[in-house]
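With mmCIF, C-alpha atoms inside, this is protein.cif:
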```cif
data_query
#
loop_
_atom_site.label_atom_id
_atom_site.label_comp_id
_atom_site.auth_asym_id
_atom_site.auth_seq_id
_atom_site.Cartn_x
_atom_site.Cartn_y
_atom_site.Cartn_z
CA MET A 1 100.90 199.19 167.62
CA PRO A 2 103.33 202.09 168.23
CA VAL A 3 102.48 204.46 171.06
CA ASN A 4 102.32 208.18 170.30
CA PRO A 5 105.01 209.77 172.52
CA TYR A 6 103.49 213.21 172.25
CA ALA A 7 100.69 214.54 174.45
CA PRO A 8 97.45 215.69 172.84
CA PRO A 9 97.56 219.27 171.61
CA SER A 10 96.66 221.81 174.30
CA LEU A 11 94.49 224.85 173.72
CA SER A 12 95.74 226.71 176.79
CA GLY A 13 97.23 230.11 176.06
CA ASP A 14 96.97 230.10 172.25
CA LEU A 15 94.75 232.09 169.91
CA LEU A 16 92.33 229.24 169.39
CA THR A 17 91.54 229.27 173.11
CA ILE A 18 90.69 232.97 173.02
CA HIS A 19 88.41 232.63 170.02
CA ARG A 20 86.68 229.60 171.55
CA LEU A 21 86.12 231.60 174.74
CA LEU A 22 84.53 234.44 172.79
CA ALA A 23 82.24 231.99 171.02
CA SER A 24 81.14 230.22 174.21
CA PRO A 25 78.70 231.83 176.68
CA THR A 26 79.74 229.25 179.28
CA GLN A 27 83.40 230.21 179.05
CA ILE A 28 82.56 233.91 179.16
CA GLN A 29 80.50 233.34 182.30
CA ARG A 30 83.46 231.63 183.97
CA ARG A 31 85.64 234.56 182.98
CA LEU A 32 83.12 237.01 184.43
CA GLN A 33 83.45 235.32 187.83
CA THR A 34 87.04 236.57 188.06
CA ILE A 35 86.14 240.20 187.38
CA THR A 36 85.49 241.98 190.69
CA ASP A 37 86.77 245.49 189.95
CA MET A 38 83.47 247.14 190.81
CA ARG A 39 80.20 246.20 192.47
CA PHE A 40 76.81 247.77 192.00
CA ILE A 41 76.03 250.26 194.75
CA SER A 42 72.43 249.74 193.66
CA ASP A 43 72.32 246.11 194.79
CA GLN A 44 73.87 246.97 198.16
CA ILE A 45 71.39 249.69 199.11
CA LEU A 46 68.28 248.36 197.34
CA THR A 47 68.44 244.73 198.38
CA GLN A 48 64.88 243.64 197.64
CA ARG A 49 64.11 241.97 194.34
CA PHE A 50 61.01 242.67 192.26
CA ARG A 51 59.75 240.69 189.29
CA SER A 52 58.71 242.76 186.31
CA SER A 53 55.76 241.91 184.08
CA GLY A 54 55.22 243.31 180.61
CA GLY A 55 58.21 245.63 180.94
CA ALA A 56 57.06 247.27 184.18
CA VAL A 57 56.84 246.63 187.91
CA LEU A 58 53.94 247.50 190.21
CA TYR A 59 54.79 248.26 193.84
CA GLU A 60 53.54 250.10 196.91
CA VAL A 61 55.19 253.18 198.42
CA SER A 62 55.38 253.69 202.19
CA GLU A 63 53.13 250.86 203.26
CA PRO A 64 52.01 251.61 206.86
CA ILE A 65 53.05 249.11 209.53
CA PHE A 66 50.16 250.01 211.87
CA THR A 67 46.40 249.52 211.62
CA ASP A 68 43.95 252.42 211.43
CA ARG A 69 42.96 252.32 215.11
CA THR A 70 44.46 251.80 218.55
CA PRO A 71 43.84 248.69 220.67
CA GLU A 72 40.92 248.85 223.11
CA ALA A 73 40.04 247.13 226.36
CA VAL A 74 37.93 244.05 225.55
CA GLY A 75 35.41 242.79 228.07
CA PRO A 76 34.75 239.11 228.77
CA GLY A 77 32.83 237.52 225.92
CA SER A 78 33.02 240.69 223.82
CA GLU A 79 34.23 240.89 220.26
CA TYR A 80 37.53 242.41 219.41
CA PRO A 81 37.26 245.77 217.60
CA LYS A 82 37.88 245.46 213.90
CA ALA A 83 40.76 247.36 212.33
CA VAL A 84 41.82 247.98 208.77
CA THR A 85 45.37 247.35 207.62
CA PRO A 86 46.14 250.24 205.24
CA ILE A 87 48.17 249.71 202.12
CA GLY A 88 50.68 252.04 200.52
CA ALA A 89 50.18 254.17 197.44
CA ALA A 90 50.47 252.18 194.22
CA ALA A 91 53.30 253.11 191.87
CA LEU A 92 54.44 251.84 188.49
CA ALA A 93 58.00 251.85 187.11
CA SER A 94 59.10 250.92 183.60
CA VAL A 95 62.00 248.53 183.18
CA LEU A 96 64.64 249.82 180.75
CA LYS A 97 67.45 248.11 178.91
CA TRP A 98 70.80 249.81 179.49
CA GLY A 99 73.84 248.65 177.56
CA GLN A 100 76.62 249.27 175.08
CA ALA A 101 78.84 247.39 172.63
CA THR A 102 82.54 247.35 171.84
CA ARG A 103 84.72 245.67 169.22
CA ILE A 104 87.85 243.53 169.61
CA THR A 105 89.94 243.02 166.49
CA ASP A 106 91.90 239.88 165.68
CA GLU A 107 95.03 242.01 165.48
CA ALA A 108 94.52 243.25 169.05
CA ILE A 109 94.16 239.67 170.28
CA LYS A 110 97.18 238.14 168.54
CA ARG A 111 99.52 241.09 169.11
CA SER A 112 98.93 241.22 172.87
CA VAL A 113 100.78 239.30 175.53
CA PRO A 114 99.00 237.41 176.91
CA ALA A 115 96.59 237.03 174.03
CA GLY A 116 93.50 237.22 176.24
CA ALA A 117 94.34 240.65 177.68
CA PRO A 118 92.14 242.63 175.23
CA VAL A 119 89.18 240.39 176.06
CA ASP A 120 89.60 240.94 179.81
CA ARG A 121 89.96 244.68 179.35
CA ALA A 122 86.87 244.85 177.14
CA LEU A 123 84.81 242.85 179.64
CA ARG A 124 85.90 245.05 182.54
CA LYS A 125 85.24 248.29 180.69
CA VAL A 126 81.80 247.28 179.44
CA ILE A 127 80.69 245.94 182.85
CA ASN A 128 82.16 248.86 184.79
CA THR A 129 80.50 251.39 182.48
CA VAL A 130 77.10 249.71 182.88
CA ILE A 131 77.59 249.63 186.67
CA ARG A 132 78.54 253.30 186.83
CA HIS A 133 75.53 254.37 184.78
CA ILE A 134 72.93 252.33 186.66
CA ASP A 135 74.37 253.35 190.02
CA GLY A 136 73.98 256.98 189.00
CA ILE A 137 70.34 256.36 188.06
CA THR A 138 69.70 254.54 191.33
CA MET A 139 71.22 257.23 193.54
CA SER A 140 69.29 259.91 191.65
CA ALA A 141 66.07 257.98 192.30
CA VAL A 142 66.94 257.72 196.00
CA ALA A 143 67.76 261.43 196.17
CA SER A 144 64.42 262.33 194.55
CA ALA A 145 62.39 260.13 196.88
CA VAL A 146 64.12 260.78 200.21
CA THR A 147 63.11 264.05 201.87
CA GLN A 148 64.53 263.62 205.39
CA THR A 149 67.68 265.58 206.16
CA GLN A 150 70.00 266.03 209.11
CA LEU A 151 72.27 269.08 209.26
CA ALA A 152 75.85 268.30 210.26
CA GLY A 153 77.26 270.08 213.30
CA ASP A 154 80.10 271.36 211.12
CA ASP A 155 81.62 270.47 207.78
CA TRP A 156 83.61 267.25 207.91
CA VAL A 157 86.80 269.01 206.83
CA ALA A 158 86.85 271.32 209.87
CA SER A 159 88.76 270.50 213.05
CA THR A 160 85.50 270.97 214.95
CA ALA A 161 83.67 268.31 212.91
CA THR A 162 81.39 265.99 214.89
CA ILE A 163 81.22 263.13 212.41
CA LEU A 164 80.13 260.35 214.73
CA ARG A 165 77.49 262.56 216.37
CA ASP A 166 76.12 263.56 212.96
CA ILE A 167 75.80 259.89 212.04
CA GLU A 168 74.13 258.93 215.33
CA LEU A 169 71.65 261.84 215.16
CA ALA A 170 70.67 260.94 211.61
CA THR A 171 70.22 257.29 212.59
CA ALA A 172 68.07 258.32 215.53
CA LYS A 173 65.85 260.46 213.30
CA ILE A 174 65.03 257.41 211.14
CA GLU A 175 64.38 255.17 214.14
CA ASP A 176 62.15 257.78 215.81
CA LEU A 177 59.68 257.49 212.93
CA GLN A 178 58.62 254.20 214.54
CA MET A 179 58.09 252.59 211.17
CA GLY A 180 60.23 249.56 211.89
CA TYR A 181 63.27 250.93 210.05
CA ARG A 182 66.69 249.77 211.23
CA PRO A 183 69.46 251.80 209.53
CA ASP A 184 72.35 249.52 208.58
CA THR A 185 74.25 251.29 205.78
CA ILE A 186 76.00 254.60 205.19
CA VAL A 187 76.95 255.81 201.70
CA MET A 188 79.55 258.48 201.09
CA SER A 189 82.02 259.63 198.45
CA SER A 190 85.65 258.53 198.50
CA THR A 191 86.63 262.04 199.59
CA LYS A 192 84.17 262.01 202.51
CA TYR A 193 85.52 258.62 203.53
CA ALA A 194 89.05 260.05 203.53
CA TYR A 195 87.98 262.86 205.88
CA MET A 196 86.14 260.43 208.15
CA ALA A 197 88.98 257.89 208.28
CA SER A 198 91.53 260.59 209.16
CA ASP A 199 89.34 262.45 211.65
CA GLU A 200 91.16 262.69 214.99
CA ARG A 201 88.04 262.11 217.07
CA ILE A 202 87.23 258.95 215.13
CA SER A 203 90.85 257.79 215.38
CA ASN A 204 90.91 258.33 219.16
CA LEU A 205 87.87 256.09 219.57
CA ARG A 206 89.41 253.21 217.64
CA ARG A 207 91.72 250.57 219.09
CA ARG A 208 95.21 252.00 219.01
CA GLU A 209 97.39 249.07 217.95
CA ALA A 210 94.98 247.11 215.78
CA THR A 211 96.38 246.44 212.31
CA ASP A 212 93.01 247.19 210.67
CA ASN A 213 93.46 250.89 211.41
CA PRO A 214 93.72 253.00 208.22
CA VAL A 215 97.25 254.07 209.15
CA TYR A 216 98.34 250.42 208.74
CA GLY A 217 96.64 250.06 205.38
CA GLY A 218 93.33 248.81 206.69
CA GLU A 219 89.88 250.26 206.11
CA ILE A 220 87.05 251.36 208.34
CA GLU A 221 84.28 248.97 207.33
CA ARG A 222 81.68 249.97 209.93
CA ILE A 223 80.89 253.05 211.99
CA GLY A 224 78.06 253.47 214.48
CA GLY A 225 76.79 250.01 213.57
CA LEU A 226 76.52 250.96 209.88
CA ALA A 227 78.25 249.22 206.98
CA ILE A 228 80.22 251.78 204.96
CA ILE A 229 79.81 251.96 201.20
CA LYS A 230 82.44 254.14 199.58
CA ALA A 231 81.34 255.36 196.16
CA PRO A 232 82.86 257.55 193.45
CA LEU A 233 81.36 261.03 193.45
CA SER A 234 80.30 260.55 189.81
CA SER A 235 77.79 257.90 190.99
CA LEU A 236 76.25 260.14 193.67
CA PRO A 237 73.72 262.94 193.13
CA SER A 238 75.69 265.21 195.51
CA ASP A 239 78.63 265.06 197.88
CA ASP A 240 76.37 264.47 200.88
CA VAL A 241 76.23 261.46 203.16
CA TRP A 242 73.33 258.99 203.09
CA ILE A 243 72.17 256.69 205.90
CA LEU A 244 69.59 254.03 205.11
CA ASP A 245 67.94 250.74 205.94
CA SER A 246 69.03 248.60 203.01
CA GLN A 247 66.41 245.93 203.80
CA GLN A 248 63.50 248.36 203.67
CA LEU A 249 64.44 251.17 201.29
CA GLY A 250 63.59 249.32 198.11
CA GLY A 251 64.97 246.99 195.48
CA MET A 252 65.93 246.42 191.87
CA ALA A 253 63.40 245.11 189.36
CA ASP A 254 65.39 243.03 186.87
CA GLU A 255 64.33 241.01 183.88
CA THR A 256 66.51 238.07 184.82
CA ASN A 257 65.60 235.67 182.03
CA ALA A 258 68.50 235.81 179.58
CA ASP A 259 67.72 235.78 175.87
CA PRO A 260 69.46 233.22 173.61
CA GLY A 261 73.22 233.74 173.41
CA TYR A 262 73.53 235.81 176.57
CA THR A 263 75.46 234.87 179.66
CA VAL A 264 74.60 236.52 182.98
CA SER A 265 77.20 237.55 185.54
CA GLU A 266 76.64 237.52 189.29
CA MET A 267 76.17 241.29 189.02
CA ALA A 268 73.14 240.78 186.73
CA VAL A 269 74.99 242.15 183.69
CA GLN A 270 74.22 240.15 180.55
CA ILE A 271 77.02 239.66 178.01
CA GLN A 272 76.94 238.41 174.43
CA THR A 273 79.52 238.22 171.65
CA GLU A 274 79.29 237.90 167.87
CA ARG A 275 81.93 237.03 165.30
CA LEU A 276 82.24 239.66 162.54
CA ALA A 277 84.08 237.52 160.01
CA SER A 278 84.19 240.16 157.28
CA LYS A 279 85.84 242.61 159.69
CA ASP A 280 88.26 240.16 161.35
CA SER A 281 86.91 241.05 164.76
CA TRP A 282 84.51 240.21 167.57
CA GLU A 283 81.74 242.43 168.82
CA MET A 284 80.92 242.28 172.52
CA TRP A 285 78.03 244.00 174.24
CA GLY A 286 76.71 244.13 177.76
CA ARG A 287 73.38 245.16 179.22
CA ARG A 288 71.25 245.19 182.34
CA ILE A 289 67.47 245.31 182.08
CA THR A 290 66.34 246.91 185.31
CA VAL A 291 64.78 249.81 187.17
CA PRO A 292 65.43 250.94 190.76
CA VAL A 293 62.39 250.91 193.04
CA VAL A 294 62.38 253.13 196.15
CA GLN A 295 59.58 251.66 198.22
CA GLU A 296 60.17 253.21 201.66
CA PRO A 297 61.58 256.77 201.36
CA GLY A 298 61.41 257.15 205.14
CA ALA A 299 64.06 254.43 205.51
CA ALA A 300 66.81 256.86 204.44
CA ILE A 301 68.12 260.26 205.39
CA LYS A 302 70.63 262.70 203.91
CA ILE A 303 73.24 264.38 206.10
CA THR A 304 73.77 267.88 204.69
CA GLY A 305 76.31 270.53 205.53
CA THR A 306 79.28 268.14 205.36
CA ASN A 307 81.01 270.20 202.68
CA PRO A 308 83.19 273.22 203.52
#
```
Please go through the file and, once you have read it, give me the structure as structure tokens.
Amino acid sequence: MPVNPYAPPSLSGDLLTIHRLLASPTQIQRRLQTITDMRFISDQILTQRFRSSGGAVLYEVSEPIFTDRTPEAVGPGSEYPKAVTPIGAAALASVLKWGQATRITDEAIKRSVPAGAPVDRALRKVINTVIRHIDGITMSAVASAVTQTQLAGDDWVASTATILRDIELATAKIEDLQMGYRPDTIVMSSTKYAYMASDERISNLRRREATDNPVYGGEIERIGGLAIIKAPLSSLPSDDVWILDSQQLGGMADETNADPGYTVSEMAVQIQTERLASKDSWEMWGRRITVPVVQEPGAAIKITGTNP
């Protein structure tokens, strides 16, 4: 029997591969794993996870960490005084579905080099747009709930700015509440980060010849024991600086169960595609079903007066 000298046909790089990818949730999920352009600020500052029921989530706000009475001296054979453990105020938040759709034509796929470029661009744009919108909602919820403020010694643009002192004073104000909060994160705009990274006082306190200095192309990842989250100003309610305890502040309530046909990325964005045969195109849409929950407003503080 003659042996076929030719290898089996390969699907790599041709149009059939792209169309099979668009029709397969599994392949789309693998593709999503390579897209890391943006991350949710929401999931970094609200790290707890709540399970919704019936389209809503029930939670408690500012649950006290102390009982309603102080300890007392107990005599031999005497009973211990009874104390009540208070609970926080009950609150209810509705889970909403946020998403949008886009269309990819067959012409765009076959006229691009490589052919999969329009698919990658569409995935990135849909996911990034969902991320930007939900982050804006989350930061607005944080801004509405958090009432603590710390006035900066001077605006962070001035030569007399005391950036590190402002951060330390704000951190101390949270810790002095004695509610068990441990600030671990600072959120600021890209512009504020630029002022902080180039501040002479900050620079003088850093190791001089280390290659992770910003002047060598590195980034300042932590300051005053806080992890730095640099966010676009469009995702923030104002150009102030926020310090918070990401373990205590709150969490995101997601409906994580994907409906038929959806694939879920690591960022909790659900993606689905549909072939529009009569229009020679594919429709792709992404969504996240969630609501931000701010459970401990005292776990965050806003540094004001940082703008000139």
Excluding Arg275 in chain A and any residue of its chain fewer than 3 positions from it, enumerate the residues within 10 Å of it, using all atoms listed in the file, and give them as a list in words.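 These residues fall inside the cut-off: His19, Leu22, Ala23, Arg103, Ile104, Ser278, Lys279, Asp280, Ser281, Trp282, Glu283 and Met284 of chain A.
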Identify which of the residues A:Thr102, A:Ser198, A:Gln150, A:Ser52 lies closest to Asn257 in chain A, counting only C-alpha atoms when measuring atom-to-atom distances.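 With only C-alpha atoms as the atom set, the closest residue is A:Ser52.
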What does the PyMOL selection byres ((chain A and resi 133) around 12) select in this file, as a PyMOL selection string? chain A and resi 40-42+97-100+126-132+134-140+232+234-236+287-288+290-291
Determine the residue set returned by the PyMOL selection byres ((chain A and resi 151-158) around 10) for the present structure, and present it as a ChimeraX atom specification. /A:149-150,159-163,165-167,169-170,192-196,198-199,241,302-308
Just want the 12 Å neighbourhood of Val61 in chain A, counted on all atoms listed in the file, with same-chain residues fewer than 5 positions away dropped. Output as a tab-separated table (two decimals) with C-alpha atoms, in the frame of the given file.
```
chain	number	residue	atom	x	y	z
A	86	PRO	CA	46.14	250.24	205.24
A	87	ILE	CA	48.17	249.71	202.12
A	88	GLY	CA	50.68	252.04	200.52
A	89	ALA	CA	50.18	254.17	197.44
A	90	ALA	CA	50.47	252.18	194.22
A	91	ALA	CA	53.30	253.11	191.87
A	92	LEU	CA	54.44	251.84	188.49
A	93	ALA	CA	58.00	251.85	187.11
A	145	ALA	CA	62.39	260.13	196.88
A	146	VAL	CA	64.12	260.78	200.21
A	248	GLN	CA	63.50	248.36	203.67
A	249	LEU	CA	64.44	251.17	201.29
A	250	GLY	CA	63.59	249.32	198.11
A	251	GLY	CA	64.97	246.99	195.48
A	293	VAL	CA	62.39	250.91	193.04
A	294	VAL	CA	62.38	253.13	196.15
A	295	GLN	CA	59.58	251.66	198.22
A	296	GLU	CA	60.17	253.21	201.66
A	297	PRO	CA	61.58	256.77	201.36
A	298	GLY	CA	61.41	257.15	205.14
A	299	ALA	CA	64.06	254.43	205.51
```
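Ranking A:Gln178, A:Ser112, A:Thr191, A:Thr185 by their shortest atom-to-atom distance to Ala231 in chain A, with all atoms listed in the file included, puts A:Thr191 first.
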With all atoms listed in the file as the atoms that count, which of A:Ile174, A:Val264, A:Leu96, A:Ala73 lies nearest to Ala56 in chain A?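 Ranking A:Ile174, A:Val264, A:Leu96, A:Ala73 by distance to Ala56 in chain A, first place goes to A:Leu96.
For the atom pair formed by CA of Glu221 in chain A and CA of Ala268 in chain A, the distance is 24.8 Å, given to one decimal.
Across the model, the gap from CA of Gly224 in chain A to CA of Tyr181 in chain A is 15.6 Å.
CA of Ala143 in chain A sits 11.7 Å away from CA of Ile243 in chain A.
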Decode the PyMOL selection byres ((chain A and resi 120) around 12) for the given file into explicit residues and return them as number ranges by chain. A: 18, 21-22, 28, 30-37, 104, 109, 112, 114-119, 121-128, 284
Contacts of range 258-263 of chain A at 6 Å or less, counting only C-alpha atoms, minus same-chain residues fewer than 4 places along, as a ChimeraX atom specification? /A:25,29,270-272
Taking only C-alpha atoms into account, which of A:Ser144, A:Thr70, A:Gln48, A:Asn204 comes nearest Asp245 in chain A?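 Selected residue with least distance to Asp245 in chain A: A:Gln48.
Distance check against Leu46 in chain A using only C-alpha atoms: of A:Thr256, A:Arg69, A:Val142, A:Gly77, the minimum falls on A:Val142.
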